[in-house]
There are 2 protein chains.
Amino acid sequence: MSELTRIVVDAMGGDYAPAEPVKGAVDALAESDRIKVILTGDAAAIEKELEKYSYPAERLEIVPTTQVIETGEPPVKAIQSKRDSSLVVGLNLVHKGEADAFVSSGSTGAVLVGGQGIVKKIRGIQRAPLAPLIPTAKGVSLLIDCGANVDARPSHLVQFAVLGSIYMKSIMGIENPRVGLVNIGTEEEKGNALCKETFPLLQACPDINFIGNVEARDISAGAADVYVTEAFVGNVILKMYEGVGKTLLHAIKDALMSSTRSKVGALLIKPALKSTLKKFDSSSYGGAPLLGLKGLVVKTHGSSKANEFRNTILQCIQFKEEDVNGKIQEFLAKQSAEKEAAADKE
Amino acid sequence: MSELTRIVVDAMGGDYAPAEPVKGAVDALAESDRIKVILTGDAAAIEKELEKYSYPAERLEIVPTTQVIETGEPPVKAIQSKRDSSLVVGLNLVHKGEADAFVSSGSTGAVLVGGQGIVKKIRGIQRAPLAPLIPTAKGVSLLIDCGANVDARPSHLVQFAVLGSIYMKSIMGIENPRVGLVNIGTEEEKGNALCKETFPLLQACPDINFIGNVEARDISAGAADVYVTEAFVGNVILKMYEGVGKTLLHAIKDALMSSTRSKVGALLIKPALKSTLKKFDSSSYGGAPLLGLKGLVVKTHGSSKANEFRNTILQCIQFKEEDVNGKIQEFLAKQSAEKEAAADKE
């Protein structure tokens with residue numbers, strides 16, 4: 001057996017902390033004997049939750065912390081001032097090599113700032129993108145970048161494409177993942193300045209399977225496995241997904257409750273509808289990794305329940321065992337060797 | 001009775017031309033006696049369609065043209081070379097003051113390029129935005145800009161906000177329309193460079209009711225009446241709407257057909273569901289106006305049926321009778337007077 005994957009779970013992050021992160025950790029421990037979970041947070045509160053369950057104590061550790069970063073806090077200041085928070089202490093464990101991964105449902109801004117500032121980027125990575133998996137009609141695709149660093153440059157997007165491809169191949173088992181550039185038309189010359197400059201770079205990149213521009217209307221159909229986009233647009237896509245889905249389902253629910261006839265119908269269709277909508281439930285795919293860091297940092301939804309924590313924790317095993325970061329470093333080494341060779345030629 | 005609103009309909013534009021634009025024109029003539037419709041296109045083909053209906057011949061005119069601009073053609077070249085196309089001839093009628101409005105379901109690029117190049121912008125308008133109405137849980141909102149001119153500047157977005165407000169007040173009857181800036185967070189300091197620069201300008205603009213940043217997840221809920229955004233993002237929003245809605249409804253349909261039980265249920269819920277989904281059917285709101293031009297140019301969906309043409313044609317009456325362009329000019333005059341006064345002070 002290979003060594004255990006050591007995963008820190010921020011027990012104080014998210015709407016349902018500490019109950020749900022703790023339950024998710026216990027569930028993951030029951031599911032896999034290849035992990036060790038380290039919970040950071042208020043020791044008494046965590047222990048109180050743990051009393052409800054039986055679990056393999058030798059694979060669960062509590063690292064007590066005294067502070068909590070709240071969702072509304074300015075991230076940079078919070079990371080700097082709350083050195084004994086569950087988030088900062090957890091990220092430091094990864095930085096020091098005492099853990100392989102960090103999972104948090106806390107403030108997105110704090111996870112992004114802390115991930116880059118404490119765990120730090122792999123040498124050669126220009127930006128660490130946040131890359132959630134999004135459900136599509138064909139299965140699941142990666143949307144990269146949805147992070148906090150907007151106004152990206154073309155070279156950033158090319159790195160995102162490579163990082164996303166490595167991730168989808170290693171973690172989701174997709175051979176030769178199709179990379180699409182999110183654009184407002186499918187023709188090469190379409191789009192804003194960023195897209196126009198990025199298109200030929202993606203086309204020339206030997207490390208990806210670039211299929212061209214993808215329009216936003218084809219994203220949910222699964223037109224590509226990796227959707228490359230600048231963070232502002234990525235954020236809009238992710239939230240449109242959430243918003244439109246919610247609005248439509250609300251409207252449908254209201255319609256179903258509008259008459260006796262439709263209420264009876266609703267009862268009959270419920271099982272079939274439930275299993276369909278489950279496919280579009282992002283929590284079953286786990287959280288969004290912040291790629292390109294020296295360790296794995298994963299952000300789960302603020303409203304995550306135990307199931308999402310469990311799935312995210314299990315995802316971390318594969319990230320380590322498939323050596324995703326090793327593959328990223330291989331790519332970077334190859335890229336810099338190519339650059340040097342090109343420079344020598346001149 | 002005020003004078004007739006003269007509306008050119010491009011009889012050769014869209015997937016179902018000339019049948020559906022002609023039928024839409026006939027339906028609109030039956031609905032309102034305040035319009036005259038001018039059909040541009042292949043006279044024989046139009047007359048063949050017209051034979052199917054009875055209509056007030058004194059209020060319908062055919063202007064025969066010999067060319068058609070296809071969807072795939074590069075817009076600028078098409079506009080320049082096909083001077084006798086239904087689209088170019090139609091736009092020229094508006095330019096020459098022989099018509100008040102032009103409606104086309106043809107190539108979006110050609111409508112945008114032709115609208116700006118032939119009908120021309122009102123003096124003082126920096127960019128003419130394409131502004132579709134989008135259905136929301138609360139009714140309908142305006143998304144401005146979804147056009148072809150990406151990489152907008154802050155001052156463009158401020159004009160969009162004013163144009164959108166005038167439109168929603170005059171055409172949709174919304175008093176003091178709420179203007180939201182599409183952003184990746186609600187706090188003032190959030191977003192990309194464009195949003196950060198635009199926010200204080202919108203806040204300082206006395207001619208609009210600015211309510212702050214709006215996240216994409218709240219768009220479909222109806223968080224604002226006018227969503228201001230740069231065209232690339234606007235296009236993504238519009239197409240996400242379309243795509244996610246389609247994917248979800250497909251999935252739900254599949255689920256309903258998956259078992260005998262669900263099929264029976266589907267029959268029972270059908271009437272209620274249909275009326276709900278009708279609310280989210282963008283065709284009932286008519287096409288998207290290209291605002292800020294010297295005449296009205298409206299782009300309808302490529303897949304428009306008679307109903308959308310009819311609704312779009314009727315919308316044009318209000319645009320003229322409410323003197324939307326007069327109100328836009330008033331605003332521009334006021335703005336330039338303020339600028340001069342400010343310059344005099346210095």
# chains A, B, ... in the order shown; residues from 1 in each chain; ligands from 1
>>> interface_residues(of="chain B", to="chain A", cutoff="6 Å", atoms="only C-alpha atoms", output="PyMOL selection string")
chain B and resi 150+192+216-217+220+236+239-240+242-244+255+261-262+265+268-269+272-273
>>> write_last_selection(atoms="C-alpha atoms", output="tab-separated table (two decimals), in the first residue's frame")
chain	number	residue	atom	x	y	z
B	150	VAL	CA	-16.32	44.21	-27.28
B	192	ASN	CA	-12.07	43.79	-13.20
B	216	ALA	CA	-24.69	36.79	-12.43
B	217	ARG	CA	-26.50	34.34	-10.16
B	220	SER	CA	-32.52	35.47	-13.76
B	236	VAL	CA	-22.01	35.04	-22.57
B	239	LYS	CA	-26.13	32.42	-24.40
B	240	MET	CA	-25.82	30.83	-20.96
B	242	GLU	CA	-30.33	29.90	-23.70
B	243	GLY	CA	-27.97	26.97	-23.16
B	244	VAL	CA	-28.68	26.12	-19.54
B	255	ALA	CA	-36.78	12.06	-17.24
B	261	ARG	CA	-45.41	6.22	-14.24
B	262	SER	CA	-43.54	9.38	-15.21
B	265	GLY	CA	-47.42	12.26	-14.61
B	268	LEU	CA	-51.04	15.67	-15.97
B	269	ILE	CA	-48.48	18.45	-15.50
B	272	ALA	CA	-49.28	23.96	-15.95
B	273	LEU	CA	-45.72	23.49	-17.19
>>> residues_around(residues="segment 7-19 of chain B", least_positions_apart="3", cutoff="7 Å", atoms="only C-alpha atoms", output="number ranges by chain")
B: 22-23, 36-41, 46, 49, 68, 86-87, 90, 99-106, 302-304, 313
>>> residues_around(residues="Thr229 of chain B", least_positions_apart="5", cutoff="8 Å", atoms="only C-alpha atoms", output="PyMOL selection string")
chain B and resi 143-145+157+181-182+234
>>> closest_residue(among="A:Gly109, A:Gly292, A:Leu142, A:Lys345", to="Thr71 of chain A", atoms="only C-alpha atoms")
A:Gly109
>>> atom_distance(atom1="atom CA of Ile208 of chain B", atom2="atom CA of Ile166 of chain B")
8.9 Å
>>> select_by_dssp(residues="segment 57-137 of chain A", states="alpha helix (DSSP H)", output="count of residues only")
24
>>> residues_around(residues="Val89 of chain A", least_positions_apart="3", cutoff="10 Å", atoms="only C-alpha atoms", output="list in words")
Val8, Asp10, Thr40, Gly41, Val63, Pro64, Thr65, Gln67, Lys82, Arg83, Asp84, Ser85, Ser86, Asn92, Leu93, Val94, His95 and Ile118 of chain A
>>> residues_around(residues="Gln329 of chain A", least_positions_apart="2", cutoff="12 Å", atoms="only C-alpha atoms", output="ChimeraX atom specification")
/A:121-125,159,162-163,166,291-294,323-327,331-336
>>> select_by_dssp(residues="segment 141-287 of chain A", states="strand (DSSP E)", output="PyMOL selection string")
chain A and resi 141-144+178-183+209-215+226-228
>>> atom_distance(atom1="atom CA of Val158 of chain A", atom2="atom CA of Val111 of chain A")
23.5 Å
>>> atom_distance(atom1="atom CA of Gln80 of chain B", atom2="atom CA of Thr312 of chain B")
26.7 Å
>>> decode(residues="segment 51-80 of chain B", atoms="N, CA and C atoms", output="PDB file, in the first residue's frame")
ATOM      1  N   GLU B  51     -50.339  35.930 -50.818  1.00  0.00           N
ATOM      2  CA  GLU B  51     -51.578  35.361 -51.383  1.00  0.00           C
ATOM      3  C   GLU B  51     -52.371  34.548 -50.373  1.00  0.00           C
ATOM      4  N   LYS B  52     -51.681  34.024 -49.377  1.00  0.00           N
ATOM      5  CA  LYS B  52     -52.349  33.179 -48.370  1.00  0.00           C
ATOM      6  C   LYS B  52     -53.246  33.986 -47.434  1.00  0.00           C
ATOM      7  N   TYR B  53     -53.036  35.304 -47.391  1.00  0.00           N
ATOM      8  CA  TYR B  53     -53.715  36.096 -46.378  1.00  0.00           C
ATOM      9  C   TYR B  53     -54.519  37.229 -46.984  1.00  0.00           C
ATOM     10  N   SER B  54     -55.451  37.770 -46.177  1.00  0.00           N
ATOM     11  CA  SER B  54     -56.042  39.047 -46.554  1.00  0.00           C
ATOM     12  C   SER B  54     -55.460  40.088 -45.600  1.00  0.00           C
ATOM     13  N   TYR B  55     -55.195  41.264 -46.113  1.00  0.00           N
ATOM     14  CA  TYR B  55     -54.521  42.297 -45.321  1.00  0.00           C
ATOM     15  C   TYR B  55     -54.843  43.656 -45.941  1.00  0.00           C
ATOM     16  N   PRO B  56     -54.662  44.733 -45.164  1.00  0.00           N
ATOM     17  CA  PRO B  56     -54.952  46.074 -45.670  1.00  0.00           C
ATOM     18  C   PRO B  56     -53.845  46.502 -46.647  1.00  0.00           C
ATOM     19  N   ALA B  57     -54.104  46.349 -47.939  1.00  0.00           N
ATOM     20  CA  ALA B  57     -53.066  46.566 -48.964  1.00  0.00           C
ATOM     21  C   ALA B  57     -52.505  47.983 -48.937  1.00  0.00           C
ATOM     22  N   GLU B  58     -53.316  48.963 -48.518  1.00  0.00           N
ATOM     23  CA  GLU B  58     -52.841  50.349 -48.508  1.00  0.00           C
ATOM     24  C   GLU B  58     -51.768  50.577 -47.435  1.00  0.00           C
ATOM     25  N   ARG B  59     -51.667  49.649 -46.493  1.00  0.00           N
ATOM     26  CA  ARG B  59     -50.649  49.805 -45.450  1.00  0.00           C
ATOM     27  C   ARG B  59     -49.520  48.773 -45.583  1.00  0.00           C
ATOM     28  N   LEU B  60     -49.454  48.126 -46.739  1.00  0.00           N
ATOM     29  CA  LEU B  60     -48.355  47.183 -46.965  1.00  0.00           C
ATOM     30  C   LEU B  60     -47.706  47.462 -48.312  1.00  0.00           C
ATOM     31  N   GLU B  61     -46.402  47.606 -48.290  1.00  0.00           N
ATOM     32  CA  GLU B  61     -45.676  47.926 -49.510  1.00  0.00           C
ATOM     33  C   GLU B  61     -44.540  46.915 -49.675  1.00  0.00           C
ATOM     34  N   ILE B  62     -44.267  46.559 -50.926  1.00  0.00           N
ATOM     35  CA  ILE B  62     -43.101  45.703 -51.177  1.00  0.00           C
ATOM     36  C   ILE B  62     -42.044  46.543 -51.882  1.00  0.00           C
ATOM     37  N   VAL B  63     -40.826  46.520 -51.366  1.00  0.00           N
ATOM     38  CA  VAL B  63     -39.705  47.148 -52.065  1.00  0.00           C
ATOM     39  C   VAL B  63     -38.821  45.996 -52.538  1.00  0.00           C
ATOM     40  N   PRO B  64     -38.858  45.716 -53.851  1.00  0.00           N
ATOM     41  CA  PRO B  64     -38.154  44.537 -54.351  1.00  0.00           C
ATOM     42  C   PRO B  64     -36.635  44.698 -54.300  1.00  0.00           C
ATOM     43  N   THR B  65     -35.968  43.661 -53.877  1.00  0.00           N
ATOM     44  CA  THR B  65     -34.499  43.631 -53.861  1.00  0.00           C
ATOM     45  C   THR B  65     -34.042  42.316 -54.485  1.00  0.00           C
ATOM     46  N   THR B  66     -32.786  42.280 -54.907  1.00  0.00           N
ATOM     47  CA  THR B  66     -32.318  41.104 -55.654  1.00  0.00           C
ATOM     48  C   THR B  66     -31.261  40.289 -54.912  1.00  0.00           C
ATOM     49  N   GLN B  67     -30.744  40.827 -53.794  1.00  0.00           N
ATOM     50  CA  GLN B  67     -29.671  40.106 -53.099  1.00  0.00           C
ATOM     51  C   GLN B  67     -30.054  39.751 -51.665  1.00  0.00           C
ATOM     52  N   VAL B  68     -29.374  38.729 -51.148  1.00  0.00           N
ATOM     53  CA  VAL B  68     -29.611  38.311 -49.764  1.00  0.00           C
ATOM     54  C   VAL B  68     -28.259  38.162 -49.068  1.00  0.00           C
ATOM     55  N   ILE B  69     -28.136  38.722 -47.862  1.00  0.00           N
ATOM     56  CA  ILE B  69     -26.914  38.524 -47.070  1.00  0.00           C
ATOM     57  C   ILE B  69     -27.100  37.268 -46.228  1.00  0.00           C
ATOM     58  N   GLU B  70     -26.191  36.302 -46.419  1.00  0.00           N
ATOM     59  CA  GLU B  70     -26.311  35.040 -45.686  1.00  0.00           C
ATOM     60  C   GLU B  70     -25.673  35.165 -44.304  1.00  0.00           C
ATOM     61  N   THR B  71     -26.054  34.267 -43.402  1.00  0.00           N
ATOM     62  CA  THR B  71     -25.580  34.336 -42.016  1.00  0.00           C
ATOM     63  C   THR B  71     -24.059  34.243 -41.906  1.00  0.00           C
ATOM     64  N   GLY B  72     -23.445  33.392 -42.697  1.00  0.00           N
ATOM     65  CA  GLY B  72     -22.002  33.168 -42.553  1.00  0.00           C
ATOM     66  C   GLY B  72     -21.118  34.253 -43.152  1.00  0.00           C
ATOM     67  N   GLU B  73     -21.669  35.176 -43.922  1.00  0.00           N
ATOM     68  CA  GLU B  73     -20.832  36.168 -44.618  1.00  0.00           C
ATOM     69  C   GLU B  73     -20.173  37.172 -43.671  1.00  0.00           C
ATOM     70  N   PRO B  74     -18.915  37.522 -43.952  1.00  0.00           N
ATOM     71  CA  PRO B  74     -18.274  38.587 -43.155  1.00  0.00           C
ATOM     72  C   PRO B  74     -19.097  39.873 -43.297  1.00  0.00           C
ATOM     73  N   PRO B  75     -19.595  40.414 -42.175  1.00  0.00           N
ATOM     74  CA  PRO B  75     -20.566  41.512 -42.210  1.00  0.00           C
ATOM     75  C   PRO B  75     -20.128  42.740 -43.015  1.00  0.00           C
ATOM     76  N   VAL B  76     -18.914  43.234 -42.756  1.00  0.00           N
ATOM     77  CA  VAL B  76     -18.502  44.491 -43.378  1.00  0.00           C
ATOM     78  C   VAL B  76     -18.494  44.343 -44.904  1.00  0.00           C
ATOM     79  N   LYS B  77     -17.914  43.246 -45.370  1.00  0.00           N
ATOM     80  CA  LYS B  77     -17.834  43.012 -46.803  1.00  0.00           C
ATOM     81  C   LYS B  77     -19.242  42.856 -47.397  1.00  0.00           C
ATOM     82  N   ALA B  78     -20.088  42.116 -46.688  1.00  0.00           N
ATOM     83  CA  ALA B  78     -21.434  41.869 -47.196  1.00  0.00           C
ATOM     84  C   ALA B  78     -22.210  43.171 -47.352  1.00  0.00           C
ATOM     85  N   ILE B  79     -22.117  44.043 -46.347  1.00  0.00           N
ATOM     86  CA  ILE B  79     -22.833  45.317 -46.380  1.00  0.00           C
ATOM     87  C   ILE B  79     -22.333  46.178 -47.544  1.00  0.00           C
ATOM     88  N   GLN B  80     -21.010  46.163 -47.740  1.00  0.00           N
ATOM     89  CA  GLN B  80     -20.426  46.989 -48.804  1.00  0.00           C
ATOM     90  C   GLN B  80     -20.752  46.470 -50.199  1.00  0.00           C
TER      91      GLN B  80
END
